[in-house]
Structure formats: C-alpha cells, structure tokens
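S.K.: What follows is coords39.txt, made up of compact mmCIF, C-alpha atoms:
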```txt
# COMPACT_ATOMS: atom_id res chain seq x y z
CA MET A 1 0.00 0.00 0.00
CA LEU A 2 2.87 2.35 0.80
CA GLU A 3 4.21 1.97 -2.74
CA SER A 4 0.93 2.64 -4.49
CA ALA A 5 -0.55 5.25 -2.19
CA TRP A 6 2.42 7.36 -1.19
CA ASN A 7 5.91 6.83 -2.55
CA GLU A 8 7.04 3.89 -4.69
CA GLN A 9 10.73 4.17 -3.91
CA VAL A 10 10.25 4.47 -0.15
CA GLY A 11 7.94 1.44 -0.27
CA ARG A 12 10.52 -0.61 -2.16
CA LEU A 13 13.28 0.40 0.25
CA LEU A 14 11.09 -0.44 3.24
CA ARG A 15 10.36 -3.85 1.73
CA ALA A 16 14.09 -4.44 1.16
CA ALA A 17 14.91 -3.33 4.70
CA SER A 18 12.28 -5.58 6.30
CA LEU A 19 13.41 -8.53 4.18
CA SER A 20 17.02 -7.83 5.19
CA VAL A 21 16.15 -7.80 8.89
CA TYR A 22 14.38 -11.13 8.49
CA ALA A 23 17.21 -12.64 6.43
CA LEU A 24 19.90 -11.48 8.83
CA ARG A 25 18.06 -12.77 11.90
CA VAL A 26 16.61 -16.04 10.59
CA VAL A 27 18.77 -17.11 7.64
CA PRO A 28 22.53 -17.19 8.29
CA ILE A 29 23.41 -15.40 5.05
CA LEU A 30 26.38 -13.54 6.53
CA LYS A 31 28.15 -16.84 7.14
CA LEU A 32 29.46 -18.98 4.34
CA PRO A 33 27.75 -22.38 4.16
CA LYS A 34 29.42 -24.94 6.42
CA LEU A 35 28.49 -27.83 4.16
CA ARG A 36 30.65 -28.17 1.08
CA ARG A 37 27.68 -29.15 -1.05
CA PHE A 38 26.53 -27.46 -4.19
CA SER A 39 22.99 -27.31 -2.79
CA ALA A 40 24.08 -25.33 0.29
CA TRP A 41 26.01 -22.82 -1.80
CA THR A 42 23.17 -22.48 -4.31
CA LEU A 43 20.65 -21.84 -1.55
CA TRP A 44 22.97 -19.26 0.06
CA LEU A 45 23.41 -17.52 -3.30
CA GLY A 46 19.64 -17.59 -3.84
CA PHE A 47 19.03 -15.69 -0.60
CA TRP A 48 21.64 -13.09 -1.58
CA CYS A 49 20.02 -12.63 -5.00
CA LEU A 50 16.66 -12.17 -3.29
CA LEU A 51 18.03 -9.41 -1.06
CA LEU A 52 20.17 -7.77 -3.71
CA GLY A 53 17.27 -7.63 -6.18
CA GLN A 54 15.03 -5.92 -3.63
CA TRP A 55 17.67 -3.35 -2.67
CA LEU A 56 18.56 -2.58 -6.28
CA ALA A 57 14.87 -2.10 -7.15
CA GLY A 58 14.61 0.47 -4.36
CA ILE A 59 17.89 2.26 -5.00
CA PHE A 60 17.68 2.30 -8.81
CA PRO A 61 13.99 2.69 -9.72
CA GLY A 62 14.82 2.94 -13.42
CA TYR A 63 16.12 -0.63 -13.27
CA GLU A 64 13.27 -2.07 -11.23
CA ILE A 65 12.35 -4.73 -13.80
CA VAL A 66 15.86 -6.13 -14.12
CA SER A 67 16.29 -5.96 -10.33
CA LEU A 68 13.13 -7.92 -9.77
CA HIS A 69 14.34 -10.53 -12.25
CA LEU A 70 17.35 -10.89 -9.99
CA THR A 71 14.90 -11.46 -7.14
CA PHE A 72 12.72 -13.94 -9.03
CA ILE A 73 15.20 -15.89 -11.18
CA GLY A 74 18.23 -15.82 -8.93
CA GLY A 75 16.29 -15.78 -5.66
CA PHE A 76 12.87 -17.39 -5.66
CA SER A 77 13.47 -19.89 -8.49
CA THR A 78 16.73 -21.09 -7.01
CA ILE A 79 15.43 -21.32 -3.45
CA THR A 80 12.24 -23.07 -4.55
CA LEU A 81 13.95 -25.73 -6.65
CA VAL A 82 16.65 -26.47 -4.06
CA ILE A 83 14.16 -26.75 -1.20
CA ALA A 84 11.75 -28.81 -3.32
CA THR A 85 14.58 -31.22 -4.08
CA ARG A 86 15.39 -31.49 -0.38
CA VAL A 87 11.75 -32.16 0.48
CA ILE A 88 11.52 -34.90 -2.15
CA SER A 89 14.71 -36.55 -0.90
CA ALA A 90 13.59 -36.34 2.74
CA HIS A 91 10.03 -37.58 2.29
CA CYS A 92 10.28 -39.97 -0.62
CA GLY A 93 13.29 -41.96 0.44
CA PRO A 94 15.93 -41.42 -2.23
CA GLU A 95 18.38 -39.61 0.07
CA THR A 96 21.05 -40.26 -2.53
CA ILE A 97 19.64 -37.51 -4.73
CA TRP A 98 20.56 -35.06 -2.00
CA ASN A 99 23.72 -36.52 -0.51
CA GLY A 100 25.25 -37.80 -3.73
CA LYS A 101 26.99 -35.87 -6.47
CA ALA A 102 23.62 -34.37 -7.45
CA ARG A 103 24.46 -33.87 -11.11
CA ALA A 104 20.89 -32.90 -11.91
CA LEU A 105 20.86 -30.28 -9.16
CA LYS A 106 24.17 -28.87 -10.41
CA SER A 107 22.79 -28.70 -13.95
CA ILE A 108 19.70 -26.91 -12.69
CA GLY A 109 21.88 -24.40 -10.83
CA LEU A 110 24.03 -23.74 -13.87
CA PHE A 111 21.03 -23.20 -16.14
CA LEU A 112 19.45 -20.84 -13.58
CA ILE A 113 22.71 -18.88 -13.40
CA ALA A 114 22.76 -18.71 -17.21
CA ALA A 115 19.14 -17.49 -17.19
CA LEU A 116 19.92 -14.87 -14.56
CA ILE A 117 23.02 -13.54 -16.30
CA SER A 118 21.30 -13.46 -19.70
CA ARG A 119 18.31 -11.58 -18.30
CA VAL A 120 20.34 -9.04 -16.34
CA VAL A 121 22.79 -8.41 -19.19
CA SER A 122 19.97 -7.93 -21.71
CA ASP A 123 19.06 -4.51 -20.30
CA PHE A 124 22.60 -3.30 -20.88
CA MET A 125 22.88 -4.68 -24.43
CA PRO A 126 19.98 -3.10 -26.35
CA ARG A 127 21.16 -4.47 -29.67
CA TYR A 128 20.87 -8.05 -28.38
CA TYR A 129 17.98 -7.47 -25.98
CA PHE A 130 15.43 -9.91 -27.41
CA GLY A 131 18.03 -12.56 -28.18
CA MET A 132 19.25 -12.39 -24.58
CA LEU A 133 15.66 -12.68 -23.35
CA HIS A 134 15.27 -15.82 -25.44
CA VAL A 135 18.45 -17.28 -23.95
CA ALA A 136 17.25 -16.39 -20.44
CA ALA A 137 13.80 -17.89 -20.94
CA GLY A 138 15.21 -21.00 -22.62
CA SER A 139 17.78 -21.53 -19.87
CA TRP A 140 15.13 -21.21 -17.17
CA MET A 141 12.84 -23.66 -18.99
CA VAL A 142 15.67 -26.19 -19.37
CA ALA A 143 16.36 -25.92 -15.62
CA ALA A 144 12.68 -26.49 -14.88
CA GLN A 145 12.55 -29.49 -17.24
CA ILE A 146 15.66 -31.06 -15.72
CA TRP A 147 14.05 -30.69 -12.31
CA GLY A 148 10.73 -32.08 -13.52
CA PHE A 149 12.16 -35.09 -15.35
CA GLY A 150 14.80 -35.70 -12.70
CA TYR A 151 12.79 -35.41 -9.51
CA ILE A 152 9.05 -35.74 -10.11
CA PRO A 153 9.31 -39.46 -11.02
CA LYS A 154 10.99 -40.05 -7.65
CA LEU A 155 7.76 -38.94 -5.95
CA SER A 156 6.04 -42.16 -6.99
CA ARG A 157 8.80 -44.41 -5.61
CA VAL A 158 8.45 -44.10 -1.85
CA GLU A 159 10.77 -46.50 -0.09
CA ALA A 160 9.36 -48.24 2.99
CA ASP A 161 11.52 -48.69 6.09
```
Step by step, read the file and then write its structure as structure tokens.
M.R.:
Amino acid sequence: MLESAWNEQVGRLLRAASLSVYALRVVPILKLPKLRRFSAWTLWLGFWCLLLGQWLAGIFPGYEIVSLHLTFIGGFSTITLVIATRVISAHCGPETIWNGKARALKSIGLFLIAALISRVVSDFMPRYYFGMLHVAAGSWMVAAQIWGFGYIPKLSRVEAD
C-alpha cells in the first residue's frame, strides 16, 4: 500500500529493509555455508540474489524490472527448486539424490545462473535485448525441465523402512 498510495521508492526500500532484517536474523546469510555441497552454496546464493534484487529495485527505480528478475530468477526460483529437491529426498526416500553428487541439481543451478546472467545483461545490451531474453527464458525452462524429469518421477517411488 505504501508503494501505491504514497511513494514507490520508499515502499521498495522499506520492503528491502524488512526482508534484510528477516534474512539477517533467521537465515545465516552472513556466514558462508558450512556444508561443502553445491545445494548449500546455491541456496545461500539464492538468498543473496533475493536481497540484492530488492535493494537494487529500491535504489535504482529505473532498473526495477531487471532488479526484480534478480529477485525472481536468482532468488525465488533457485530457493524453490533447491528446497523442493530437499523435500523430495527427505520424504520420498531417495536420500542419494541429496547426498550424492547431485548432477541434476548442479545442472539446474548452472542453467538458472545462465538465465539470470542473460536476463540481467539484456538490459545493458539493447542491440541483443530480445536474443538475450530468449536465452534467459530458454535456460530457465531447461532448468525447470531437468528438475521435472529428474525429480518428479521419484515422488512415486516411496521406499518403505
């Protein structure tokens, strides 16, 4: 309401500040991940993208769209897919998909990073703008398909103790 009724930039900055307070108190983002797993580092990076995107949207209102893509692609997409993978491995039995080498999860992370970089760079390369958007969208869709084909079938194979 603050953004729409009074001042957009102040509303965005207030949202970024409240998210930062939450992240600093609840999520240990100031500490590097203790686990040397790709999933831990990807999740940590996702939280930083979430915060950075919100702050950039408030500080640079002219780049709000690209900043929010940092929030959504780098933050929410990454966090959602990593946590969904953890939930599947914890509740459906195949703990190896979490504790193992997790090639599929690494591929997903790399495609999400490619999507994020392509989308952010597109605003600064007007000549290649639409091509970069296609790369970003395609990379994100490949990440989503790898997750879907790699993890959804594991939902139907619950292992009994």
S.K.: Could you give me, as a Markdown table, every segment 46-81 of chain A residue with an atom at most 12 Å from segment 2-21 of chain A, plus its closest atom pair and distance in Å to one decimal, counting all atoms listed in the file, rows ordered by chain then number?
M.R.:
```
| residue | atom | partner | partner_atom | distance |
| --- | --- | --- | --- | --- |
| A:Phe47 | CA | A:Ser20 | CA | 10.0 |
| A:Trp48 | CA | A:Ser20 | CA | 9.7 |
| A:Cys49 | CA | A:Ser20 | CA | 11.7 |
| A:Leu50 | CA | A:Leu19 | CA | 8.9 |
| A:Leu51 | CA | A:Ser20 | CA | 6.5 |
| A:Leu52 | CA | A:Ala16 | CA | 8.5 |
| A:Gly53 | CA | A:Ala16 | CA | 8.6 |
| A:Gln54 | CA | A:Ala16 | CA | 5.1 |
| A:Trp55 | CA | A:Ala16 | CA | 5.4 |
| A:Leu56 | CA | A:Ala16 | CA | 8.9 |
| A:Ala57 | CA | A:Arg12 | CA | 6.8 |
| A:Gly58 | CA | A:Arg12 | CA | 4.8 |
| A:Ile59 | CA | A:Leu13 | CA | 7.2 |
| A:Phe60 | CA | A:Gln9 | CA | 8.7 |
| A:Pro61 | CA | A:Gln9 | CA | 6.8 |
| A:Gly62 | CA | A:Gln9 | CA | 10.4 |
| A:Tyr63 | CA | A:Gln9 | CA | 11.8 |
| A:Glu64 | CA | A:Arg12 | CA | 9.6 |
| A:Ser67 | CA | A:Arg12 | CA | 11.3 |
| A:Leu68 | CA | A:Arg12 | CA | 10.9 |
| A:Thr71 | CA | A:Ala16 | CA | 10.9 |
```
S.K.: Set the distance at 12 Å and use all atoms listed in the file: which residues neighbour His134 of chain A once local chain neighbours fewer than 2 positions away are removed? I'd like the list as a VMD selection string.
M.R.: chain A and resid 114 to 116 118 to 119 122 128 to 132 136 to 141
S.K.: Can you measure atom CA of Leu70 of chain A to atom CA of Gly150 of chain A for me? One decimal in Å is fine.
M.R.: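 So the two atoms, atom CA of Leu70 of chain A and atom CA of Gly150 of chain A, lie 25.1 Å apart.
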S.K.: Would you compute, for all listed atoms of segment 113-131 of chain A, the axis-aligned bounding box grown by 4 Å on each side, and then report its centre and edge lengths in Å rounded to one decimal, as AutoDock Vina command-line options?
M.R.:
```
--center_x 19.2 --center_y -11.0 --center_z -21.5 --size_x 15.6 --size_y 23.8 --size_z 24.3
```
S.K.: Figure out the distance between atom CA of Val82 of chain A and atom CA of Ala23 of chain A, please, to one decimal in Å.
M.R.: 17.4 Å
S.K.: Nearest to Thr78 of chain A: which of A:Ile113, A:Met125, A:Val135, A:Ala104 is it, counting all atoms listed in the file?
M.R.: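 For Thr78 of chain A, the nearest of the given residues is A:Ile113.
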S.K.: Counting all atoms listed in the file, which of A:Ile146, A:Ile152, A:Arg25, A:Pro33 gets nearest to Ser89 of chain A?
M.R.: A:Ile152
S.K.: What is the distance, in Å and to one decimal place, between atom CA of Pro153 of chain A and atom CA of Trp44 of chain A?
M.R.: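 Distance reported for this atom pair: 26.8 Å.
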S.K.: Which of these, A:Leu24, A:Ala90, A:Lys106, A:Ser77, has the shortest distance to Arg37 of chain A once you count only C-alpha atoms?
M.R.: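 For Arg37 of chain A, the nearest of the given residues is A:Lys106.
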S.K.: From the set A:Leu45, A:Val120, A:Leu105, A:Leu35, which residue has the shortest atom-to-atom contact distance to Leu133 of chain A, counting only C-alpha atoms?
M.R.: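 Going through A:Leu45, A:Val120, A:Leu105, A:Leu35 one by one, the smallest distance to Leu133 of chain A is for A:Val120.
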S.K.: Find the residues near segment 79-81 of chain A: any atom within 8 Å, counting all atoms listed in the file, skip ones fewer than 4 places away on the same chain, and give them as a list in words.
M.R.: Thr42, Leu43, Gly46, Phe47, Gly75, Thr85 and Trp147 of chain A
S.K.: Could those selected residues go to a file with C-alpha atoms, as a tab-separated table (two decimals), in the frame of the given file?
M.R.:
```
chain	number	residue	atom	x	y	z
A	42	THR	CA	23.17	-22.48	-4.31
A	43	LEU	CA	20.65	-21.84	-1.55
A	46	GLY	CA	19.64	-17.59	-3.84
A	47	PHE	CA	19.03	-15.69	-0.60
A	75	GLY	CA	16.29	-15.78	-5.66
A	85	THR	CA	14.58	-31.22	-4.08
A	147	TRP	CA	14.05	-30.69	-12.31
```
S.K.: Residues within 8 Å of Ala143 of chain A, please, as a list in words. Count only C-alpha atoms; anything in the same chain fewer than 5 positions from it doesn't count.
M.R.: Ser107, Ile108, Gly109, Phe111 and Leu112 of chain A
